[in-house]
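Q: Data file run-v4.txt (compact mmCIF, C-alpha atoms) is appended below.
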```
# COMPACT_ATOMS: atom_id res chain seq x y z
CA GLU A 254 173.16 90.75 75.37
CA SER A 255 170.03 91.95 77.15
CA THR A 256 168.70 95.51 77.09
CA TYR A 257 166.63 94.85 80.22
CA LYS A 258 167.20 97.56 82.85
CA PRO A 259 165.81 96.83 86.31
CA PHE A 260 163.74 99.48 88.05
CA ASP A 261 165.99 101.56 90.29
CA VAL A 262 164.18 102.75 93.39
CA VAL A 263 167.19 104.73 94.58
CA SER A 264 169.34 106.46 91.99
CA SER A 265 171.63 109.45 91.73
CA PHE A 266 169.94 112.84 91.60
CA GLU A 267 169.22 113.84 87.98
CA GLY A 268 171.62 111.13 86.81
CA ASP A 269 174.69 112.88 88.25
CA PRO A 270 176.48 110.69 90.82
CA PHE A 271 178.68 113.60 91.96
CA VAL A 272 175.86 115.75 93.38
CA GLY A 273 175.80 114.02 96.76
CA HIS A 274 172.04 113.53 96.85
CA LEU A 275 170.00 110.43 96.09
CA SER A 276 166.66 110.44 94.32
CA THR A 277 164.16 108.25 96.12
CA PRO A 278 160.38 108.02 95.75
CA ILE A 279 160.09 110.17 98.88
CA THR A 280 162.57 112.92 98.02
CA THR A 281 161.38 113.39 94.44
CA SER A 282 157.61 113.14 94.96
CA ASN A 283 155.35 116.12 94.36
CA ILE A 284 153.76 115.70 97.79
CA THR A 285 157.13 116.19 99.48
CA LYS A 286 157.99 119.19 97.32
CA THR A 287 154.60 120.80 98.02
CA TYR A 288 154.87 120.17 101.76
CA LEU A 289 158.36 121.66 101.94
CA SER A 290 157.35 124.69 99.88
CA LEU A 291 154.61 125.47 102.42
CA LEU A 292 156.97 125.54 105.39
CA PRO A 293 157.77 129.08 106.59
CA ALA A 294 161.50 128.67 105.93
CA TYR A 295 160.89 128.09 102.21
CA GLN A 296 157.64 129.96 101.63
CA SER A 297 158.03 132.68 99.05
CA GLY A 298 157.06 136.25 99.80
CA LEU A 299 157.92 136.29 103.52
CA SER A 300 160.51 138.65 104.96
CA PRO A 301 163.20 137.16 107.22
CA LEU A 302 161.53 138.80 110.23
CA LEU A 303 158.17 137.16 109.49
CA ARG A 304 159.87 133.80 108.91
CA GLY A 305 161.51 134.09 112.32
CA ILE A 306 158.28 135.10 114.05
CA ASN A 307 156.40 132.21 112.49
CA ILE A 308 159.03 129.59 113.31
CA GLY A 309 159.69 131.02 116.78
CA PHE A 310 155.99 131.08 117.65
CA VAL A 311 155.60 127.39 116.86
CA HIS A 312 158.72 126.48 118.83
CA GLY A 313 157.65 128.53 121.87
CA TYR A 314 154.14 127.13 121.78
CA PHE A 315 155.13 123.48 121.57
CA LEU A 316 158.17 123.57 123.88
CA LEU A 317 156.08 124.51 126.91
CA GLY A 318 154.25 121.17 127.14
CA PRO A 319 157.25 118.91 127.77
CA PHE A 320 158.58 121.25 130.44
CA VAL A 321 155.23 121.34 132.24
CA LYS A 322 154.31 117.64 131.96
CA LEU A 323 157.77 116.05 132.18
CA GLY A 324 159.71 118.53 134.32
CA PRO A 325 160.88 117.86 137.88
CA LEU A 326 158.12 120.06 139.36
CA ARG A 327 155.29 118.48 137.33
CA ASP A 328 153.27 117.58 140.44
CA SER A 329 153.53 120.99 142.10
CA GLN A 330 151.34 124.06 141.84
CA VAL A 331 154.05 126.03 140.06
CA ALA A 332 154.60 123.53 137.25
CA ASN A 333 153.08 125.83 134.61
CA PHE A 334 155.16 128.83 135.65
CA VAL A 335 158.40 126.85 135.92
CA GLY A 336 157.69 125.31 132.51
CA PHE A 337 157.11 128.80 131.10
CA VAL A 338 160.40 130.10 132.52
CA SER A 339 162.22 127.02 131.21
CA THR A 340 160.73 127.54 127.76
CA ILE A 341 161.75 131.21 127.73
CA SER A 342 165.26 130.18 128.80
CA LEU A 343 165.51 127.62 126.00
CA ILE A 344 164.25 130.17 123.45
CA ILE A 345 167.02 132.55 124.59
CA ILE A 346 169.62 129.78 124.24
CA LEU A 347 168.33 128.84 120.76
CA THR A 348 168.38 132.49 119.67
CA THR A 349 171.96 132.83 120.92
CA CYS A 350 172.86 129.75 118.86
CA LEU A 351 171.17 131.28 115.80
CA LEU A 352 173.16 134.49 116.25
CA ILE A 353 176.45 132.61 116.68
CA TYR A 354 175.74 130.56 113.56
CA GLY A 355 174.85 133.68 111.58
CA PHE A 356 177.95 135.50 112.74
CA GLY A 357 180.21 132.60 111.83
CA THR A 358 178.57 131.89 108.49
CA PHE A 359 177.71 135.30 107.09
CA SER A 360 180.44 137.56 108.55
CA LYS A 361 182.80 137.00 105.65
CA THR A 362 182.98 140.04 103.41
CA LYS A 363 182.35 138.53 100.01
CA THR A 364 179.94 139.45 97.32
CA VAL A 365 176.80 137.39 97.51
CA LYS A 366 174.48 137.14 94.57
CA LYS A 367 170.83 137.98 95.09
CA ASN A 368 169.29 134.94 96.75
CA VAL A 369 165.71 133.79 96.68
CA ILE A 370 165.45 133.35 100.44
CA GLY A 371 166.40 136.58 102.21
CA ILE A 372 167.77 134.91 105.33
CA LEU A 373 170.96 133.83 103.57
CA SER A 374 172.76 137.07 104.37
CA SER A 375 174.05 138.67 107.56
CA LYS A 376 171.24 141.23 107.74
CA GLY A 377 168.56 138.69 106.87
CA TRP A 378 169.83 136.17 109.41
CA ASN A 379 169.86 138.79 112.17
CA GLN A 380 166.28 139.72 111.29
CA PHE A 381 165.35 136.03 111.34
CA ALA A 382 166.91 135.59 114.81
CA SER A 383 165.13 138.71 116.08
CA GLY A 384 161.83 137.40 114.80
CA PHE A 385 162.55 133.98 116.32
CA ILE A 386 162.96 135.36 119.83
CA VAL A 387 159.87 137.57 119.55
CA GLY A 388 157.80 134.72 118.14
CA GLY A 389 159.17 132.29 120.72
CA PHE A 390 158.22 134.57 123.60
CA GLY A 391 154.78 135.08 122.05
CA GLY A 392 154.17 131.37 121.49
CA ALA A 393 155.26 130.44 125.00
CA SER A 394 153.12 133.23 126.46
CA ILE A 395 150.01 132.12 124.56
CA ALA A 396 150.55 128.50 125.61
CA TYR A 397 151.03 129.58 129.25
CA ILE A 398 147.83 131.65 129.18
CA LEU A 399 145.92 128.72 127.68
CA LEU A 400 147.16 126.42 130.47
CA LYS A 401 145.76 128.68 133.21
```
Could you write out this file's structure as structure tokens?
A:
Amino acid sequence: ESTYKPFDVVSSFEGDPFVGHLSTPITTSNITKTYLSLLPAYQSGLSPLLRGINIGFVHGYFLLGPFVKLGPLRDSQVANFVGFVSTISLIIILTTCLLIYGFGTFSKTKTVKKNVIGILSSKGWNQFASGFIVGGFGGASIAYILLK
């Protein structure tokens, strides 16, 4: 009988096969954990409103480019403005989706223990969505101004 155990690259998370998560060299590395902890959604010390502004700004800023360069009016003189309006429209749609998700997820009246991330409540999620739309409008506006 051999006591040789081959090296498992993929194994169950913390040895528990019932967790539903696999430990891989990517998911359990310190680089991945550090990178994820620096993202605005997981960064400690930010209010839900500031998380929403930060995430919305990035989305608004980077969504303008594809609308301007790949849109149907890309060769016209109004491509930048049409891209800006399209970006604002998409930000409104995404904010509506955030509000619908928050209403469906957090509307149940049950006691929720104090969570580390403040967006995991009805009030926090609404603040996050409000910050997202403000940040999205700001990011799209800055990108539009820079394109002029």
Q: So that I can see what lies close to A:Val387, please list as a PyMOL selection string the residues with an atom at most 9 Å from it, counting all atoms listed in the file and leaving out residues fewer than 2 positions away in the same chain.
A: chain A and resi 305-306+309-310+382-385+389-392
Q: Write a file of the selected residues as a compact mmCIF listing (two decimals), in the coordinates of the input, keeping C-alpha atoms.
A:
```
# COMPACT_ATOMS: atom_id res chain seq x y z
CA GLY A 305 161.51 134.09 112.32
CA ILE A 306 158.28 135.10 114.05
CA GLY A 309 159.69 131.02 116.78
CA PHE A 310 155.99 131.08 117.65
CA ALA A 382 166.91 135.59 114.81
CA SER A 383 165.13 138.71 116.08
CA GLY A 384 161.83 137.40 114.80
CA PHE A 385 162.55 133.98 116.32
CA GLY A 389 159.17 132.29 120.72
CA PHE A 390 158.22 134.57 123.60
CA GLY A 391 154.78 135.08 122.05
CA GLY A 392 154.17 131.37 121.49
```
Q: Considering all atoms listed in the file, state which residue in the set A:Gly355, A:Pro278, A:Gly377, A:Gly388 is at the smallest distance from A:Leu299.
A: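 The answer is A:Gly377, which sits nearest to A:Leu299.
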Q: Excluding A:Ile386 and its own-chain neighbours fewer than 3 positions away, which residues fall within 12 Å of it when counting all atoms listed in the file? Please give them as an MDAnalysis selection string.
A: chainID A and resid 302:313 340:352 379:383 389:393
Q: Quote the spacing between atom CA of A:Gly298 and atom CA of A:Phe359 in Å to one decimal place.
A: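 For atom CA of A:Gly298 relative to atom CA of A:Phe359, the distance reads 21.9 Å.
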Q: In Å, rounded to a single decimal, give me how far atom CA of A:Leu275 is from atom CA of A:Ser290.
A: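 One can read the atom CA of A:Ser290 to atom CA of A:Leu275 distance as 19.4 Å.
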Q: Mind pulling up the distance from atom CA of A:Val321 to atom CA of A:Lys401?
A: 12.0 Å
Q: Could you give me, as a count of residues only, the residues within 12 Å of A:Val331, counting all atoms listed in the file and dropping anything in the same chain fewer than 6 positions from it?
A: 10
Q: Restricting the calculation to all atoms listed in the file, which member of A:Asn333, A:Leu323, A:Ser339, A:Ser300 is positioned closest to A:Lys376?
A: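 Closest to A:Lys376, using all atoms listed in the file: A:Ser300.
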Q: Considering all atoms listed in the file, return as a ChimeraX atom specification whatever protein or nucleic-acid residues lie within 8 Å of A:Ala396, sequence-local ones (same chain, fewer than 6 positions apart) excluded.
A: /A:314-315,317
Q: Take the residues from that selection and write them out as a PDB file, keeping the file's coordinate frame, keeping C-alpha atoms.
A:
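Full text of again_37.pdb as output:
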```
ATOM      1  CA  TYR A 314     154.140 127.130 121.780  1.00  0.00           C
ATOM      2  CA  PHE A 315     155.130 123.480 121.570  1.00  0.00           C
ATOM      3  CA  LEU A 317     156.080 124.510 126.910  1.00  0.00           C
TER       4      LEU A 317
END
```
Q: Given all atoms listed in the file as the basis, pick out the residue of A:Asp269, A:Ser360, A:Ile395, A:Thr277 nearest to A:Trp378.
A: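 The closest residue to A:Trp378 is A:Ser360.
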